[in-house]
>>> print(open('my_file25.txt').read())   # compact mmCIF, C-alpha atoms
# COMPACT_ATOMS: atom_id res chain seq x y z
CA MET D 1 189.18 85.61 138.16
CA PRO D 2 190.59 88.82 139.62
CA SER D 3 194.21 89.14 140.56
CA SER D 4 195.21 89.40 144.21
CA GLY D 5 195.70 93.12 143.77
CA GLU D 6 191.97 93.58 143.20
CA PHE D 7 191.05 92.16 146.62
CA PRO D 8 190.95 94.39 149.70
CA ALA D 9 194.01 93.62 151.85
CA LYS D 10 191.88 92.75 154.90
CA ILE D 11 189.99 90.14 152.88
CA LEU D 12 193.23 88.57 151.67
CA ARG D 13 194.60 88.45 155.22
CA LEU D 14 191.50 86.72 156.50
CA ILE D 15 191.45 84.16 153.67
CA GLY D 16 195.12 83.45 154.35
CA ALA D 17 194.45 83.04 158.09
CA ILE D 18 191.62 80.61 157.33
CA ALA D 19 193.94 78.57 155.10
CA VAL D 20 196.57 78.40 157.85
CA GLU D 21 194.03 77.46 160.52
CA HIS D 22 192.59 74.76 158.27
CA SER D 23 196.08 73.30 157.83
CA GLU D 24 196.45 73.20 161.62
CA ALA D 25 193.14 71.31 161.89
CA ASP D 26 194.31 68.92 159.17
CA PHE D 27 197.51 68.24 161.14
CA LEU D 28 195.43 67.62 164.26
CA LEU D 29 193.41 64.95 162.45
CA THR D 30 196.61 63.30 161.18
CA PHE D 31 198.05 63.34 164.70
CA HIS D 32 195.08 61.58 166.28
CA LEU D 33 194.74 59.07 163.44
CA SER D 34 198.43 58.21 163.77
CA HIS D 35 198.18 57.54 167.48
CA ILE D 36 194.96 55.54 167.20
CA TYR D 37 195.92 53.35 164.24
CA CYS D 38 199.72 53.33 164.38
CA ARG D 39 200.65 54.41 167.93
CA GLU D 40 203.28 56.77 166.55
CA MET D 41 203.35 59.88 164.38
CA SER D 42 206.33 58.91 162.19
CA LEU D 43 204.48 55.95 160.71
CA GLY D 44 201.02 57.51 160.70
CA TRP D 45 202.21 60.58 158.82
CA HIS D 46 203.18 58.46 155.80
CA ILE D 47 199.82 56.69 155.85
CA PHE D 48 197.40 59.53 156.62
CA GLY D 49 199.30 62.71 155.81
CA GLU D 50 198.26 62.97 152.17
CA LEU D 51 194.62 61.97 152.62
CA PHE D 52 191.90 64.53 151.97
CA PHE D 53 190.53 66.34 155.00
CA GLY D 54 187.10 64.71 154.68
CA LYS D 55 188.61 61.22 154.52
CA LYS D 56 190.56 61.86 157.71
CA VAL D 57 187.39 62.98 159.43
CA GLU D 58 185.57 59.80 158.40
CA LEU D 59 188.43 57.55 159.55
CA LEU D 60 188.52 59.29 162.93
CA ARG D 61 184.74 58.99 163.25
CA LYS D 62 185.05 55.26 162.49
CA ALA D 63 187.74 54.85 165.16
CA ILE D 64 185.69 56.68 167.80
CA ARG D 65 182.59 54.63 167.03
CA HIS D 66 184.68 51.46 167.40
CA ILE D 67 186.04 52.35 170.86
CA MET D 68 182.79 53.89 172.13
CA PRO D 69 181.54 51.90 175.16
CA GLU D 70 178.29 50.02 174.74
CA LYS D 71 176.90 51.51 177.96
CA ASP D 72 177.80 54.10 180.60
CA GLU D 73 179.95 52.85 183.47
CA GLU D 74 180.67 54.66 186.72
CA GLY D 75 184.13 56.17 186.86
CA PHE D 76 184.55 56.44 183.08
CA LEU D 77 183.46 58.83 180.35
CA GLY D 78 179.88 58.32 179.22
CA ARG D 79 178.77 57.60 175.67
CA SER D 80 177.64 61.22 175.36
CA GLU D 81 181.29 62.31 175.53
CA TYR D 82 182.14 60.11 172.57
CA GLU D 83 179.06 61.33 170.70
CA SER D 84 180.19 64.90 171.39
CA ALA D 85 183.46 64.16 169.59
CA LEU D 86 181.53 62.73 166.63
CA ASP D 87 179.41 65.89 166.49
CA LEU D 88 182.52 68.09 166.55
CA LEU D 89 183.95 66.12 163.64
CA SER D 90 180.75 66.62 161.65
CA GLN D 91 180.89 70.38 162.28
CA LEU D 92 184.56 70.47 161.33
CA LYS D 93 183.88 68.68 158.06
CA GLU D 94 181.13 71.16 157.16
CA LEU D 95 183.46 74.03 157.96
CA SER D 96 186.18 72.47 155.83
CA GLU D 97 183.78 72.40 152.89
CA ARG D 98 183.13 76.10 153.45
CA ARG D 99 186.88 76.71 153.44
CA ASN D 100 187.20 74.80 150.16
CA SER D 101 184.55 77.02 148.63
CA LEU D 102 186.40 80.13 149.79
CA LEU D 103 189.74 79.08 148.36
CA HIS D 104 188.72 77.23 145.22
CA GLY D 105 185.66 79.13 144.08
CA ILE D 106 185.51 81.81 141.40
CA ALA D 107 185.19 85.29 142.87
CA HIS D 108 184.83 88.88 141.76
CA ILE D 109 184.82 92.21 143.54
CA GLU D 110 181.72 94.33 144.00
CA SER D 111 181.86 97.98 142.96
CA ASP D 112 182.29 99.31 146.50
CA GLY D 113 185.65 97.52 146.79
CA ASP D 114 184.87 96.10 150.23
CA ILE D 115 182.75 93.05 149.40
CA ALA D 116 183.83 90.06 147.34
CA VAL D 117 181.20 87.63 146.08
CA GLN D 118 182.24 84.04 145.57
CA ARG D 119 180.65 82.08 142.77
CA HIS D 120 181.01 78.31 142.76
CA PRO D 121 182.34 76.80 139.52
CA ASN D 122 179.13 74.78 139.05
CA LYS D 123 176.75 77.42 140.28
CA LYS D 124 175.27 79.92 137.81
CA HIS D 125 173.58 82.23 140.27
CA GLY D 126 174.10 83.48 143.78
CA GLY D 127 177.30 83.19 145.76
CA VAL D 128 178.83 83.66 149.17
CA ASN D 129 179.66 87.08 150.56
CA LEU D 130 183.33 87.31 151.45
CA ASP D 131 182.91 90.24 153.79
CA GLU D 132 185.05 90.75 156.88
CA ARG D 133 182.34 89.64 159.33
CA SER D 134 181.63 86.35 157.52
CA LEU D 135 185.29 85.47 157.13
CA ASN D 136 186.02 86.28 160.77
CA GLN D 137 183.19 83.92 161.73
CA VAL D 138 184.70 81.09 159.68
CA LEU D 139 188.10 81.74 161.24
CA ASP D 140 186.72 81.82 164.79
CA ASP D 141 184.72 78.64 164.20
CA LEU D 142 187.77 76.81 162.87
CA ARG D 143 189.84 77.78 165.90
CA MET D 144 187.06 76.91 168.34
CA LEU D 145 186.25 73.52 166.80
CA SER D 146 189.92 72.53 166.53
CA ALA D 147 190.51 73.39 170.19
CA LYS D 148 187.38 71.56 171.36
CA LEU D 149 188.22 68.49 169.27
CA ALA D 150 191.80 68.38 170.58
CA LEU D 151 190.52 68.49 174.16
CA GLN D 152 187.80 65.90 173.58
CA ALA D 153 190.13 63.51 171.73
CA THR D 154 192.62 63.78 174.61
CA ARG D 155 189.89 63.00 177.16
CA ILE D 156 188.74 59.99 175.13
CA GLY D 157 192.31 58.73 174.78
CA LYS D 158 192.75 58.90 178.55
CA ASP D 159 189.41 57.17 179.11
CA VAL D 160 190.41 54.30 176.80
CA ARG D 161 193.69 53.85 178.73
CA ASN D 162 191.83 53.92 182.05
CA ARG D 163 189.43 51.23 180.83
CA GLN D 164 192.29 49.07 179.62
CA GLU D 165 194.13 49.41 182.93
CA ALA D 166 190.96 48.60 184.88
CA LYS D 167 190.38 45.51 182.74
CA ALA D 168 193.98 44.37 183.21
CA SER D 169 193.67 44.89 186.95
CA GLU D 170 190.50 42.77 187.08
CA LEU D 171 192.21 39.95 185.22
CA LYS D 172 195.37 39.99 187.32
CA GLY D 173 195.77 36.61 188.95
CA SER D 174 193.23 34.99 186.65
CA THR D 175 193.64 31.46 185.44
CA ILE D 176 192.90 30.06 182.01
CA GLN D 177 190.86 26.90 181.76
CA ILE D 178 191.21 24.89 178.58
CA THR D 179 188.77 22.10 177.95
CA THR D 180 189.25 19.66 175.09
CA ARG D 181 186.57 17.29 173.87
CA SER D 182 186.14 14.93 170.98
CA ILE D 183 183.45 15.67 168.43
CA THR D 184 182.11 13.01 166.12
CA GLY D 185 180.82 14.00 162.72
CA ARG D 186 179.62 12.34 159.57
CA ILE D 187 180.01 13.21 155.90
CA GLY D 188 178.12 10.86 153.63
CA ASN D 189 179.09 7.36 154.68
CA ARG D 190 182.23 8.46 156.42
CA THR D 191 182.43 9.12 160.17
CA PHE D 192 185.20 11.29 161.58
CA GLN D 193 186.33 12.50 164.98
CA LYS D 194 187.80 15.89 165.72
CA LEU D 195 189.22 17.50 168.87
CA ARG D 196 187.78 20.86 169.82
CA SER D 197 189.17 23.07 172.60
CA THR D 198 187.49 25.91 174.47
CA ARG D 199 189.33 28.58 176.43
CA LYS D 200 187.89 30.37 179.47
CA VAL D 201 189.45 33.10 181.61
CA VAL D 202 188.52 32.67 185.29
CA PRO D 203 189.03 35.81 187.42
CA PRO D 204 190.64 35.37 190.86
CA GLY D 205 188.27 34.48 193.67
CA ILE D 206 185.83 32.65 191.38
CA ASN D 207 185.17 29.00 192.23
CA ARG D 208 186.32 26.80 189.41
>>> encode(input="my_file25.txt", output="structure tokens")
Amino acid sequence: MPSSGEFPAKILRLIGAIAVEHSEADFLLTFHLSHIYCREMSLGWHIFGELFFGKKVELLRKAIRHIMPEKDEEGFLGRSEYESALDLLSQLKELSERRNSLLHGIAHIESDGDIAVQRHPNKKHGGVNLDERSLNQVLDDLRMLSAKLALQATRIGKDVRNRQEAKASELKGSTIQITTRSITGRIGNRTFQKLRSTRKVVPPGINR
């Protein structure tokens, strides 16, 4: 593998910028995972901080699927907004794999000194051109996807809080009805009785 001195300076700068931007995206995933699963960054960082990028993406996708509403409701974000976040995560994961190829692949410099060709460790032929245009595209895509995901995750977080507040408001003044009844059962020749209770929340204004 060539030394850093054999790479054009502009190529090195772009690869470095991609690495930094990818780290920012990784931190963003850790931040959202921490607030969803732990409610605070200090605890979440110890749990999620060292996970691989792809694992963080999958955990965040799982969380979003879990909180996604079953149907659209007036006054709240629609399911399409949640699906948009899932799509952004898929794109970000694909871009992360491209970044891994850029940083961990085996590369050499073409004779003109301006184009580097990356060759994957397990790939005998072909490669990925590491020209300025291609690297700039990866960098721009990383920045764009990270920004869009941050915005979408914030909107979803607000929507979840709004739904929780609306639900709490609906239940304010509700009463809880507990009904207990005796159940008779039989095992072999033995008969037994057991108490079973049911709990029902009755919203205010509903005849009980």
>>> atom_distance(input="my_file25.txt", atom1="atom CA of D:Phe48", atom2="atom CA of D:Ser23")
13.9 Å
>>> closest_residue(input="my_file25.txt", among="D:Ala9, D:Met68, D:Leu142, D:Val20", to="D:Leu95", atoms="all atoms listed in the file")
D:Leu142
>>> atom_distance(input="my_file25.txt", atom1="atom CA of D:Leu130", atom2="atom CA of D:His22")
17.0 Å
>>> residues_near_point(input="my_file25.txt", point="(185.4, 65.2, 166.0)", cutoff="9 Å", atoms="all atoms listed in the file", output="MDAnalysis selection string")
chainID D and resid 29 57 60:61 64 82:93 145:146 148:150 152:153
>>> write_last_selection(input="my_file25.txt", atoms="C-alpha atoms", output="PDB file, keeping the file's coordinate frame")
ATOM      1  CA  LEU D  29     193.410  64.950 162.450  1.00  0.00           C
ATOM      2  CA  VAL D  57     187.390  62.980 159.430  1.00  0.00           C
ATOM      3  CA  LEU D  60     188.520  59.290 162.930  1.00  0.00           C
ATOM      4  CA  ARG D  61     184.740  58.990 163.250  1.00  0.00           C
ATOM      5  CA  ILE D  64     185.690  56.680 167.800  1.00  0.00           C
ATOM      6  CA  TYR D  82     182.140  60.110 172.570  1.00  0.00           C
ATOM      7  CA  GLU D  83     179.060  61.330 170.700  1.00  0.00           C
ATOM      8  CA  SER D  84     180.190  64.900 171.390  1.00  0.00           C
ATOM      9  CA  ALA D  85     183.460  64.160 169.590  1.00  0.00           C
ATOM     10  CA  LEU D  86     181.530  62.730 166.630  1.00  0.00           C
ATOM     11  CA  ASP D  87     179.410  65.890 166.490  1.00  0.00           C
ATOM     12  CA  LEU D  88     182.520  68.090 166.550  1.00  0.00           C
ATOM     13  CA  LEU D  89     183.950  66.120 163.640  1.00  0.00           C
ATOM     14  CA  SER D  90     180.750  66.620 161.650  1.00  0.00           C
ATOM     15  CA  GLN D  91     180.890  70.380 162.280  1.00  0.00           C
ATOM     16  CA  LEU D  92     184.560  70.470 161.330  1.00  0.00           C
ATOM     17  CA  LYS D  93     183.880  68.680 158.060  1.00  0.00           C
ATOM     18  CA  LEU D 145     186.250  73.520 166.800  1.00  0.00           C
ATOM     19  CA  SER D 146     189.920  72.530 166.530  1.00  0.00           C
ATOM     20  CA  LYS D 148     187.380  71.560 171.360  1.00  0.00           C
ATOM     21  CA  LEU D 149     188.220  68.490 169.270  1.00  0.00           C
ATOM     22  CA  ALA D 150     191.800  68.380 170.580  1.00  0.00           C
ATOM     23  CA  GLN D 152     187.800  65.900 173.580  1.00  0.00           C
ATOM     24  CA  ALA D 153     190.130  63.510 171.730  1.00  0.00           C
TER      25      ALA D 153
END
>>> atom_distance(input="my_file25.txt", atom1="atom CA of D:Arg196", atom2="atom CA of D:Ser182")
6.3 Å
>>> closest_residue(input="my_file25.txt", among="D:Asp159, D:Asp26, D:Glu97, D:Asp140", to="D:Glu74", atoms="all atoms listed in the file")
D:Asp159
>>> residues_around(input="my_file25.txt", residues="D:His32", least_positions_apart="3", cutoff="10 Å", atoms="all atoms listed in the file", output="PyMOL selection string")
chain D and resi 27-29+35-41+44+56+60+150+153-154+157
>>> closest_residue(input="my_file25.txt", among="D:Leu139, D:Ala17, D:Ile67, D:Ile47", to="D:Arg161", atoms="all atoms listed in the file")
D:Ile67
